[in-house]
Each structure stands twice: as C-alpha cells, then as structure tokens.
Amino acid sequence: MDNSCVLRVSHLSQGFKTPNGTLKAVDDVSFEIKKGEIFGLVGESGCGKTTLGRTVIKIYDCTSGDVYLGSRRICAGTEQYRDKIAKARRICDGEIRVIKENQSLSSDEKSKKIQVLKKELNDSIQKYKSEIRKAKADQKRQRAIRQIQMIFQDPVSSLDPRMTVKEIISEGLIIGGERDKSEIERRVFEMLRLVGLSPEHASRYPHEFSGGQRQRIGIARALIVDPELLIADEPISALDVSVQAQIINLLGDLKDRLGLTVLFVAHDLSVVKFISDRIGVMYKGKIVELAGSDELFLRPMHPYTRSLLSAIPLPDPHYEKHRQRQIYDPSVHSYGTDKPSMKEILPDHFVYCNQKEFKSLKEEYPT
Amino acid sequence: MENILEVKNLCVTFRTSGGKLHAVRDISFSLGRGETLAIVGESGSGKSVTSRAILGILSGNASVEDGEILFCGKNLLTLGERELCRIRGDRISMIFQDPLSSLNPIVKVGRQICEAMLLKGICDRRAAKSRAIRLMEEVGIPEPCLSFDKYPFEFSGGQRQRIVIAIALAADPELLICDEPTTALDVTIQAQILELIERLKRERGLSVIFITHDLGVVASVADKIAVMYAGKIVEYGLCDEIFYEPCHPYTWALLCSTPDLDTQDRLESIPGVPPNMLNPPQGDAFAERNRYALKIDFEEEPPFFAVSPTHSAATWLLHPDAPRMEMPEVLRQRIKKMKEATNG
C-alpha cells in the first residue's frame, strides 16, 4: 500500500462567535490520513467531530491552523499569526518600558535601543502579515476542494427533491467542466452500477427511493469526480438497522476496489471499529486518543476512551447485566502547570496527556 | 404473575391515498406487573403504532380493525375519551424519542413537570412544586431547585430526556411506554438513561414497554422481547432465549447485521427493503429477503410454533416436516463465545 499522506491537519482550531464569547468547537487538532485508509472519528455529540469534517471541506473558514491535501495547503487560518503579532507587540512594549526606566542609560542611547527594537518588531509584523496574506490566498483557492467530497447524514434532506438522480449525480462533473453529454451519461451509469443501483434509476426522483438507496445516490454523487478524500459524516445513523449493514459493506467494497481514502465520522463505536483502520477519539474539541482500531479497543489508555468503550451496548444479556460502566471525570487530570499534549505511548498510539500521566502510562504499557 | 396489560389480536390500519395500509397485523402479547417487554423492529414494522394504540393516541386516519387491549382487565378500546383521559398519563404514560420536540420550548421545565399533577388534581400548586423537585432529583438533574425555573433549551440532550422521564413519572403511572428513548442520544448518555429507567423500574415497581430498533440496547433492560417485522410479531420469548437461542431468520439477520467488537469479515446484510404494507405480501412477509425461505413461505403465512413454554416463533422452519436449518455460522460463533465468557 502506498503510504503517502492524503490529508494532513495541523493545529487546526475552529471557533464560533457566540454572545458569550468565542466557542472553540475544534481546538488544536492534528492528525494525518494516509492513502487508502479509513480514518474513524468518534466522540459524543457536541465534541466537534462534525465541525472538524466540515472545516476540512471548507464549509466553515477555519480560525487557525493548516490543512494540507497532498502537498497543497487548502485551509489556512490567520488567528495564530494575529496572536503572534499581538505577542510580539506585548514583548516589545515591555522591553521598551524596561529601557525607559533604566537610569544608567543616557537618553540618546535609550532612543537608539528603542529604535532597534521597534525595527525588529516591524520586521516580524511584516513577516506575519505576509503569512496572513498567503493564508488568505490559499483559503480562497477553491479548486482543490473538488478533490474532497462529502456524504451527509440525512439522505432525505441532502438530495434536491426537484432534480432527477442523473442531474444530482452529474452535477459535480458538469461543474468540473465536462460538456460531452454521452460521456456524462456513461459516467453516471457507471457510478450507479458501482453503488449497486441500476441505470434505469437515473431518470427517477429522490422520493421514489428508500433511505438506503438514497444514501447510495449520495455516495455515487460524491464518487463521480474521483475524489482523493471522502468525508462520510454519520452516513448510516439515519438508516434502518437492516440497511445499515448494506451501506457499511458498500463503503468497505469501494475502499478495496477504488483505494478510497475516507474520513468516517460517527458515534457508533462498533461500526467505527469494524470499518476503520485508525481511530481518533474526540472530547470537547480535542483528539484525546489516536491509534489503530484494534489497538485502541485492545488497550484504551485515556480515561475518556475507557468510559466510551464501557458504554457500548452489546447483544448479550449476561454481559449487560454485569456490566461495569466507567464514568469519565475530567477533573482527574491536573493540567494546572503541567500542560498536556499528544504523546506517543506505544508505536502509533497517541494519547493526550501531560508529563506525569505520560510517565505512568509508559510504566503501564512498556514497549 | 398477574398481567397488567394484555393485547389480543390487535389489527391497526391507516387510510391513505394509496389505499389501506396494514400497519399492525394481528399481534398478541402480555405484560406482567413489574416486567419489561421490549418490542424490537425496524422503522415501519408497526412497533410505535402498537404503543400509540395502547394509549389511544393514533392519528385520525387510523382505525383499530380488530382486537382487544386489556389494561388491568379493562378493554381500553371500548372506553370513551373521558375515561381514557383518566388512565392516560395517570396510570400509563409515555416517553418519546426526541426529547426536544416533546417539551414545550417556551414553558419552564418545572411547570411542565407540575402540569400533570395539577391537571389530575393530585395536589395543590405548592405541593406539586416540592414533588417536582423531588422527581427531578430522582431522575438525576443537578441542582433541581435552580433547574426548576429553567427552559428546555438550557439543558443538554440527556438532561432533557431526564426531564421528559420526570414528566412521565409525575402522576405515578403503573405502566411506562418508552418509544425509542435513547435513539437521539450518545452511547454514554444512552447508558445513563438505560440505567435510570432500570432503577426507576425497580424502585417504583413499574411495568415498562420498551420500543427500539437496536437489539443491543434491550439486552440490559428487557425481561421479554417481541421482534416485529412488517406489522407482525415474528419471535417472542424471554430475553436470554432471544439472544442465545434465536429461531426466526429475521432475528438471525438482525443480530448478524450489526457488527460486534470482534467482527472482522464482511457483514451479513439483509438484502432488499421491507415490504410495502399497502398490499402485504402473501405468505411470510420476510420471505423475499430471507435466505432460508422455503417454498411454503411464499404461499402461506406461518403460524406460531412453540420452542419452549415462553418462547415461540412464526417461521415454517420450526415445522416438524421442515428441513433442519442452522443459524448463520457467524452468529453461532458469537453466541458460543458469549456463553464461554459467561461460564468462564
């Protein structure tokens, strides 16, 4: 398998302005998705997993951090540079004050030193400003986004009821500049067959289909432009139990056949475990644990992951009746002075922890 | 055990522009005092319609064609609206799927909890308030005195569902119907709500009807399980019997189609979609999607075959003349593993 990285998210934050200040829905998140991999993102509602998916596809303008698709930067926030400018200004002001209060220097020397400092400050501000300009230019470049496609949760509201299936599926192709009618038709039919529908469905309208079939149409629409990355935002949670398995199997087959790379956002842990190669667990805007899917379920390390795993309902009455559910209490962490960050405990198994927790985890899981 | 609720041969149809829709077709079950019955099935299988028929809150185009619903020996279907009102909320109450849309957004939650007590004339305003605060404490709302004067939007999804449960318990019912109470919630919150319902049931001696599409959810709460498909109960039995010795191909398929934590291979999905209930198919409704379907499945509806005194399933596979069919290999492995885990 080619291990080149398709999507790289680094220090991404997404804030929303609310009457009570800024709400950080995604807070300094970094991860990579390799080619041909399904990356699962789990967490409870409101933890920011959907926001993360939407920021990557630029439905929102990200606040700070960068997102790279291949080697191109597709999302770039400006907040981090503004912060740096503000910080540089603060430091400079402080130093100037120190110089001014220094009695041993003559006024000439003082003004010289201050001038040097101000010049340094201006230079760095210029540097950050040019970064901001670059970021804004990258942010405006929409063309790359076509390489990312999305499948939405609700197959009813994500398809235009006034368009035929053919129009829905071919729209991306037409926007991409395809004019040849027979070619469009050929591609649409090919996609319909790929997702398990038949060409005669092309002239029908979405309401004539069942939920599972509609989700298949949504997948066909996403795949027709040959995307490098597919974002699936809870693609099965609106479907019936008996149909969910069909869609999961379809996604798995497509991955094998087309080498799809997928960012799979969901809250159903057993499904995520089944479909994903690697899993990121999100809690309150941060990824708290990141590991291969078997590894994560075998050795959950972060207390939140443990509590999440212990809450999975299983079709086994005896297990259920004796289940010990672990409750996550965020106050077990003492992040006052010892600040946490993502640390690698075992190869490819990252946990969001501080030095003290890192040490005890290292002892618990020696390599 | 004395039965608090008995449903006999219930048939419900809806008048639609396309004709008569057979939502519930001849179902019977009983619920003992202090017992939990889980009704499991996918959307459109008639599980919600059944529960609404019990409460008499079916929509205008519905009609109960046949059958009896005996609640403490009284047939609810023959009662007038006034008498039904006295039972509804008072002795039978219901929790709905979406906690946001079942609360009034512009009325403080405290008043919404008191409403039922005041309407039923159980107590006066002041007593109602203290009872409401006790109830909120019981369902696990933090700082109930402060929360009394809050609006629904100030609570999270799980808290809202707790408030809905408090409202349902306000008039001290004997029977609680939970219609997919955890579907809109996360796994952790879902586990909390299930534990809450279980605790309330134990403490108050409630009888519960629990409706869901997720078999995993009911394993912890159910005493009895009824699996519904296309308006019919296809398998009925004790919790352990359904999970460890399922007999109906639809139950097999349901259990197989959800991955558990050890699943590696392709999922065994159920092909096709549920039948259109405007014209229910002849024979077994599941036959079209059933890998194990026999010829007779397409011609004649299977009757209930008893597996044990408490366990029965409507499938021709259990007929003495039928060829012996084993449940899918995946499922057998899984059940074997579960049994080993229990014993070992």
# chains A, B, ... in the order shown; residues from 1 in each chain; ligands from 1
call {"tool": "interface_residues", "arguments": {"of": "chain A", "to": "chain B", "cutoff": "6 Å", "atoms": "only C-alpha atoms", "output": "ChimeraX atom specification"}}
result
/A:44,240,242,245-246,270,311,313-317,320-321
call {"tool": "select_by_dssp", "arguments": {"residues": "region 71-304 of chain A", "states": "helix (DSSP H, G or I)", "output": "MDAnalysis selection string"}}
result
chainID A and resid 79:101 107:140 143:147 165:175 181:194 199:203 206:208 211:223 241:258 269:275 293:298 303:304
call {"tool": "select_by_dssp", "arguments": {"residues": "region 155-366 of chain A", "states": "strand (DSSP E or B)", "output": "PyMOL selection string"}}
result
chain A and resi 229-233+262-265+278-283+286-292+341-346+349-353
call {"tool": "atom_distance", "arguments": {"atom1": "CA of Leu5 (chain B)", "atom2": "CA of Arg160 (chain B)"}}
result
28.5 Å
call {"tool": "residues_around", "arguments": {"residues": "region 212-223 of chain A", "least_positions_apart": "6", "cutoff": "8 Å", "atoms": "only C-alpha atoms", "output": "VMD selection string"}}
result
chain A and resid 149 to 152 155 to 156 158 to 159 165 168 to 172 191 to 192 194 to 197 206 230 235 239 to 240 243 to 244 246 to 247
call {"tool": "atom_distance", "arguments": {"atom1": "CA of Gly110 (chain B)", "atom2": "CA of Asp172 (chain B)"}}
result
16.5 Å
call {"tool": "residues_around", "arguments": {"residues": "Ile27 (chain B)", "least_positions_apart": "3", "cutoff": "9 Å", "atoms": "only C-alpha atoms", "output": "ChimeraX atom specification"}}
result
/B:7-11,24,50,67,231-233
call {"tool": "write_last_selection", "arguments": {"atoms": "all heavy atoms", "output": "PDB file, in the first residue's frame"}}
result
ATOM      1  N   VAL B   7     -52.596  -7.634  25.199  1.00  0.00           N
ATOM      2  CA  VAL B   7     -53.017  -7.231  23.863  1.00  0.00           C
ATOM      3  C   VAL B   7     -53.377  -8.498  23.120  1.00  0.00           C
ATOM      4  O   VAL B   7     -52.602  -9.457  23.091  1.00  0.00           O
ATOM      5  CB  VAL B   7     -51.885  -6.469  23.143  1.00  0.00           C
ATOM      6  CG1 VAL B   7     -52.256  -6.199  21.699  1.00  0.00           C
ATOM      7  CG2 VAL B   7     -51.580  -5.172  23.875  1.00  0.00           C
ATOM      8  N   LYS B   8     -54.617  -8.498  22.573  1.00  0.00           N
ATOM      9  CA  LYS B   8     -55.064  -9.717  21.893  1.00  0.00           C
ATOM     10  C   LYS B   8     -55.473  -9.400  20.470  1.00  0.00           C
ATOM     11  O   LYS B   8     -56.349  -8.555  20.258  1.00  0.00           O
ATOM     12  CB  LYS B   8     -56.272 -10.315  22.632  1.00  0.00           C
ATOM     13  CG  LYS B   8     -55.889 -11.014  23.920  1.00  0.00           C
ATOM     14  CD  LYS B   8     -57.135 -11.622  24.541  1.00  0.00           C
ATOM     15  CE  LYS B   8     -56.839 -12.116  25.943  1.00  0.00           C
ATOM     16  NZ  LYS B   8     -58.067 -12.240  26.737  1.00  0.00           N
ATOM     17  N   ASN B   9     -54.837 -10.045  19.531  1.00  0.00           N
ATOM     18  CA  ASN B   9     -55.184  -9.964  18.101  1.00  0.00           C
ATOM     19  C   ASN B   9     -55.396  -8.543  17.607  1.00  0.00           C
ATOM     20  O   ASN B   9     -56.365  -8.246  16.916  1.00  0.00           O
ATOM     21  CB  ASN B   9     -56.452 -10.783  17.802  1.00  0.00           C
ATOM     22  CG  ASN B   9     -56.328 -12.181  18.341  1.00  0.00           C
ATOM     23  OD1 ASN B   9     -56.747 -12.476  19.467  1.00  0.00           O
ATOM     24  ND2 ASN B   9     -55.706 -13.037  17.562  1.00  0.00           N
ATOM     25  N   LEU B  10     -54.511  -7.657  17.958  1.00  0.00           N
ATOM     26  CA  LEU B  10     -54.665  -6.252  17.567  1.00  0.00           C
ATOM     27  C   LEU B  10     -54.356  -6.079  16.079  1.00  0.00           C
ATOM     28  O   LEU B  10     -53.340  -6.562  15.583  1.00  0.00           O
ATOM     29  CB  LEU B  10     -53.710  -5.391  18.396  1.00  0.00           C
ATOM     30  CG  LEU B  10     -53.787  -3.895  18.163  1.00  0.00           C
ATOM     31  CD1 LEU B  10     -55.092  -3.336  18.696  1.00  0.00           C
ATOM     32  CD2 LEU B  10     -52.614  -3.187  18.809  1.00  0.00           C
ATOM     33  N   CYS B  11     -55.278  -5.371  15.380  1.00  0.00           N
ATOM     34  CA  CYS B  11     -55.035  -5.022  13.980  1.00  0.00           C
ATOM     35  C   CYS B  11     -55.273  -3.529  13.822  1.00  0.00           C
ATOM     36  O   CYS B  11     -56.325  -3.028  14.206  1.00  0.00           O
ATOM     37  CB  CYS B  11     -55.993  -5.745  13.030  1.00  0.00           C
ATOM     38  SG  CYS B  11     -55.746  -7.496  12.983  1.00  0.00           S
ATOM     39  N   VAL B  24     -50.367  -2.747  11.696  1.00  0.00           N
ATOM     40  CA  VAL B  24     -50.227  -3.804  12.699  1.00  0.00           C
ATOM     41  C   VAL B  24     -51.191  -4.923  12.324  1.00  0.00           C
ATOM     42  O   VAL B  24     -52.373  -4.686  12.117  1.00  0.00           O
ATOM     43  CB  VAL B  24     -50.545  -3.270  14.112  1.00  0.00           C
ATOM     44  CG1 VAL B  24     -50.568  -4.398  15.115  1.00  0.00           C
ATOM     45  CG2 VAL B  24     -49.521  -2.226  14.527  1.00  0.00           C
ATOM     46  N   THR B  50     -48.270   0.250  17.646  1.00  0.00           N
ATOM     47  CA  THR B  50     -48.784  -0.582  18.725  1.00  0.00           C
ATOM     48  C   THR B  50     -48.868   0.210  20.029  1.00  0.00           C
ATOM     49  O   THR B  50     -49.895   0.208  20.715  1.00  0.00           O
ATOM     50  CB  THR B  50     -47.858  -1.797  18.940  1.00  0.00           C
ATOM     51  OG1 THR B  50     -47.659  -2.424  17.683  1.00  0.00           O
ATOM     52  CG2 THR B  50     -48.459  -2.773  19.908  1.00  0.00           C
ATOM     53  N   GLY B  67     -59.464  -6.692  17.651  1.00  0.00           N
ATOM     54  CA  GLY B  67     -58.602  -6.983  18.785  1.00  0.00           C
ATOM     55  C   GLY B  67     -59.034  -6.329  20.078  1.00  0.00           C
ATOM     56  O   GLY B  67     -60.010  -5.574  20.133  1.00  0.00           O
ATOM     57  N   GLY B 231     -45.431  -5.471  10.668  1.00  0.00           N
ATOM     58  CA  GLY B 231     -46.711  -5.443  11.360  1.00  0.00           C
ATOM     59  C   GLY B 231     -47.049  -6.699  12.140  1.00  0.00           C
ATOM     60  O   GLY B 231     -48.131  -6.810  12.695  1.00  0.00           O
ATOM     61  N   LYS B 232     -46.129  -7.634  12.178  1.00  0.00           N
ATOM     62  CA  LYS B 232     -46.400  -8.876  12.904  1.00  0.00           C
ATOM     63  C   LYS B 232     -45.280  -9.159  13.896  1.00  0.00           C
ATOM     64  O   LYS B 232     -44.143  -8.771  13.663  1.00  0.00           O
ATOM     65  CB  LYS B 232     -46.456 -10.054  11.929  1.00  0.00           C
ATOM     66  CG  LYS B 232     -47.787 -10.258  11.292  1.00  0.00           C
ATOM     67  CD  LYS B 232     -47.721 -11.485  10.423  1.00  0.00           C
ATOM     68  CE  LYS B 232     -49.081 -11.958  10.024  1.00  0.00           C
ATOM     69  NZ  LYS B 232     -49.899 -12.527  11.060  1.00  0.00           N
ATOM     70  N   ILE B 233     -45.638  -9.846  14.975  1.00  0.00           N
ATOM     71  CA  ILE B 233     -44.579 -10.339  15.842  1.00  0.00           C
ATOM     72  C   ILE B 233     -44.066 -11.631  15.229  1.00  0.00           C
ATOM     73  O   ILE B 233     -44.844 -12.536  14.923  1.00  0.00           O
ATOM     74  CB  ILE B 233     -45.112 -10.592  17.277  1.00  0.00           C
ATOM     75  CG1 ILE B 233     -45.451  -9.257  17.936  1.00  0.00           C
ATOM     76  CG2 ILE B 233     -44.081 -11.341  18.106  1.00  0.00           C
ATOM     77  CD1 ILE B 233     -46.024  -9.376  19.328  1.00  0.00           C
TER      78      ILE B 233
END
call {"tool": "closest_residue", "arguments": {"among": "B:Ile141, B:Met228, B:Ala23, B:Ile165", "to": "Lys201 (chain B)", "atoms": "only C-alpha atoms"}}
result
B:Ile165
call {"tool": "atom_distance", "arguments": {"atom1": "CA of Cys72 (chain B)", "atom2": "CA of Lys47 (chain B)"}}
result
21.5 Å
call {"tool": "residues_around", "arguments": {"residues": "Lys273 (chain A)", "least_positions_apart": "5", "cutoff": "12 Å", "atoms": "only C-alpha atoms", "output": "NGL selection string"}}
result
(:A and (38-42 or 248 or 264-268 or 278-281 or 291-298 or 309 or 312)) or (:B and (258-264))
call {"tool": "write_last_selection", "arguments": {"atoms": "N, CA, C and O atoms", "output": "compact mmCIF listing (two decimals), in the first residue's frame"}}
result
# COMPACT_ATOMS: atom_id res chain seq x y z
N ILE A 38 -9.14 4.20 6.01
CA ILE A 38 -10.37 4.77 6.55
C ILE A 38 -10.06 5.23 7.96
O ILE A 38 -9.64 4.45 8.81
N PHE A 39 -10.20 6.52 8.17
CA PHE A 39 -9.88 7.10 9.47
C PHE A 39 -11.20 7.40 10.18
O PHE A 39 -12.03 8.15 9.69
N GLY A 40 -11.42 6.78 11.31
CA GLY A 40 -12.67 6.98 12.05
C GLY A 40 -12.51 8.06 13.09
O GLY A 40 -11.47 8.17 13.74
N LEU A 41 -13.55 8.86 13.24
CA LEU A 41 -13.53 9.91 14.23
C LEU A 41 -14.76 9.70 15.11
O LEU A 41 -15.88 9.73 14.62
N VAL A 42 -14.54 9.41 16.41
CA VAL A 42 -15.69 9.16 17.29
C VAL A 42 -15.69 10.15 18.45
O VAL A 42 -14.68 10.74 18.79
N ILE A 248 -22.51 -0.11 5.03
CA ILE A 248 -21.17 -0.34 5.57
C ILE A 248 -20.39 -1.24 4.62
O ILE A 248 -19.24 -0.96 4.27
N PHE A 264 -14.20 8.99 8.33
CA PHE A 264 -15.50 8.44 8.71
C PHE A 264 -15.88 8.98 10.09
O PHE A 264 -15.24 8.67 11.08
N VAL A 265 -16.88 9.84 10.11
CA VAL A 265 -17.30 10.45 11.37
C VAL A 265 -18.54 9.74 11.87
O VAL A 265 -19.51 9.60 11.12
N ALA A 266 -18.52 9.24 13.10
CA ALA A 266 -19.69 8.53 13.60
C ALA A 266 -19.65 8.46 15.12
O ALA A 266 -18.62 8.74 15.73
N HIS A 267 -20.77 8.12 15.73
CA HIS A 267 -20.73 7.94 17.17
C HIS A 267 -20.95 6.48 17.56
O HIS A 267 -20.84 6.14 18.72
N ASP A 268 -21.24 5.63 16.57
CA ASP A 268 -21.46 4.22 16.87
C ASP A 268 -20.12 3.49 16.86
O ASP A 268 -19.53 3.23 15.83
N ARG A 278 -7.74 3.32 11.40
CA ARG A 278 -7.28 4.03 12.57
C ARG A 278 -8.43 4.87 13.12
O ARG A 278 -9.34 5.25 12.38
N ILE A 279 -8.39 5.14 14.41
CA ILE A 279 -9.49 5.85 15.04
C ILE A 279 -8.94 7.00 15.89
O ILE A 279 -7.94 6.86 16.58
N GLY A 280 -9.61 8.13 15.79
CA GLY A 280 -9.32 9.24 16.68
C GLY A 280 -10.52 9.46 17.59
O GLY A 280 -11.65 9.50 17.12
N VAL A 281 -10.28 9.56 18.88
CA VAL A 281 -11.38 9.78 19.82
C VAL A 281 -11.38 11.26 20.20
O VAL A 281 -10.35 11.79 20.64
N ALA A 291 -5.19 5.91 17.60
CA ALA A 291 -4.48 4.64 17.47
C ALA A 291 -5.14 3.80 16.39
O ALA A 291 -6.24 4.12 15.93
N GLY A 292 -4.47 2.71 16.02
CA GLY A 292 -5.08 1.76 15.11
C GLY A 292 -6.33 1.18 15.77
O GLY A 292 -6.42 1.13 16.99
N SER A 293 -7.32 0.74 14.96
CA SER A 293 -8.62 0.46 15.57
C SER A 293 -8.55 -0.75 16.51
O SER A 293 -9.15 -0.73 17.59
N ASP A 294 -7.80 -1.80 16.14
CA ASP A 294 -7.71 -2.95 17.04
C ASP A 294 -6.96 -2.56 18.31
O ASP A 294 -7.34 -2.91 19.42
N GLU A 295 -5.88 -1.83 18.11
CA GLU A 295 -5.05 -1.38 19.23
C GLU A 295 -5.86 -0.54 20.21
O GLU A 295 -5.80 -0.74 21.42
N LEU A 296 -6.69 0.35 19.68
CA LEU A 296 -7.46 1.24 20.55
C LEU A 296 -8.42 0.44 21.43
O LEU A 296 -8.59 0.73 22.61
N PHE A 297 -9.05 -0.59 20.83
CA PHE A 297 -10.03 -1.35 21.61
C PHE A 297 -9.34 -2.35 22.55
O PHE A 297 -9.88 -2.73 23.57
N LEU A 298 -8.12 -2.74 22.16
CA LEU A 298 -7.38 -3.68 22.98
C LEU A 298 -6.79 -2.97 24.20
O LEU A 298 -6.86 -3.47 25.32
N LEU A 309 -15.82 3.15 25.73
CA LEU A 309 -15.86 1.73 25.37
C LEU A 309 -16.74 0.95 26.33
O LEU A 309 -17.41 0.00 25.95
N ILE A 312 -20.63 0.80 25.40
CA ILE A 312 -21.17 0.20 24.17
C ILE A 312 -22.18 -0.89 24.52
O ILE A 312 -21.85 -1.81 25.26
N THR B 258 -25.48 -6.29 12.72
CA THR B 258 -24.75 -5.29 13.48
C THR B 258 -23.38 -5.87 13.85
O THR B 258 -23.31 -6.97 14.37
N PRO B 259 -22.31 -5.13 13.57
CA PRO B 259 -21.00 -5.66 13.90
C PRO B 259 -20.81 -5.64 15.41
O PRO B 259 -21.28 -4.74 16.08
N ASP B 260 -20.17 -6.67 15.96
CA ASP B 260 -19.77 -6.54 17.36
C ASP B 260 -18.28 -6.22 17.35
O ASP B 260 -17.69 -6.00 16.30
N LEU B 261 -17.68 -6.20 18.51
CA LEU B 261 -16.31 -5.69 18.55
C LEU B 261 -15.29 -6.67 17.99
O LEU B 261 -14.15 -6.33 17.78
N ASP B 262 -15.72 -7.92 17.71
CA ASP B 262 -14.78 -8.89 17.18
C ASP B 262 -14.98 -9.13 15.69
O ASP B 262 -14.25 -9.89 15.09
N THR B 263 -15.99 -8.50 15.11
CA THR B 263 -16.29 -8.78 13.71
C THR B 263 -15.14 -8.36 12.82
O THR B 263 -14.66 -7.24 12.90
N GLN B 264 -14.70 -9.28 11.96
CA GLN B 264 -13.62 -8.95 11.03
C GLN B 264 -14.12 -9.04 9.59
O GLN B 264 -13.78 -8.21 8.77
call {"tool": "residues_around", "arguments": {"residues": "Ile74 (chain A)", "least_positions_apart": "3", "cutoff": "10 Å", "atoms": "only C-alpha atoms", "output": "tab-separated table (two decimals) with C-alpha atoms, in the first residue's frame"}}
result
chain	number	residue	atom	x	y	z
A	7	LEU	CA	-4.73	14.74	4.30
A	56	VAL	CA	-11.71	20.34	6.21
A	57	ILE	CA	-14.12	20.67	3.28
A	58	LYS	CA	-14.27	24.43	3.89
A	66	ASP	CA	-3.48	24.46	8.39
A	67	VAL	CA	-4.96	21.63	6.36
A	68	TYR	CA	-2.92	20.09	3.56
A	69	LEU	CA	-4.36	17.90	0.81
A	70	GLY	CA	-1.36	16.10	-0.60
A	71	SER	CA	1.22	18.85	-0.70
A	135	ALA	CA	-3.01	32.10	4.12
A	137	ALA	CA	-4.84	33.50	-0.76
A	138	ASP	CA	-4.71	29.76	-0.03
A	139	GLN	CA	-8.03	29.92	1.71
A	140	LYS	CA	-9.59	31.47	-1.39
A	141	ARG	CA	-8.36	28.76	-3.70
A	142	GLN	CA	-11.49	26.66	-4.10
A	143	ARG	CA	-10.40	24.39	-6.91
A	144	ALA	CA	-8.62	21.88	-4.70
A	145	ILE	CA	-11.77	21.31	-2.71
call {"tool": "closest_residue", "arguments": {"among": "B:Ala230, B:Ile4, B:Glu203, B:Glu68", "to": "Leu278 (chain B)", "atoms": "only C-alpha atoms"}}
result
B:Ala230
call {"tool": "closest_residue", "arguments": {"among": "A:Gly43, A:Glu101, A:Asp256, A:Ile114", "to": "Val272 (chain A)", "atoms": "only C-alpha atoms"}}
result
A:Gly43
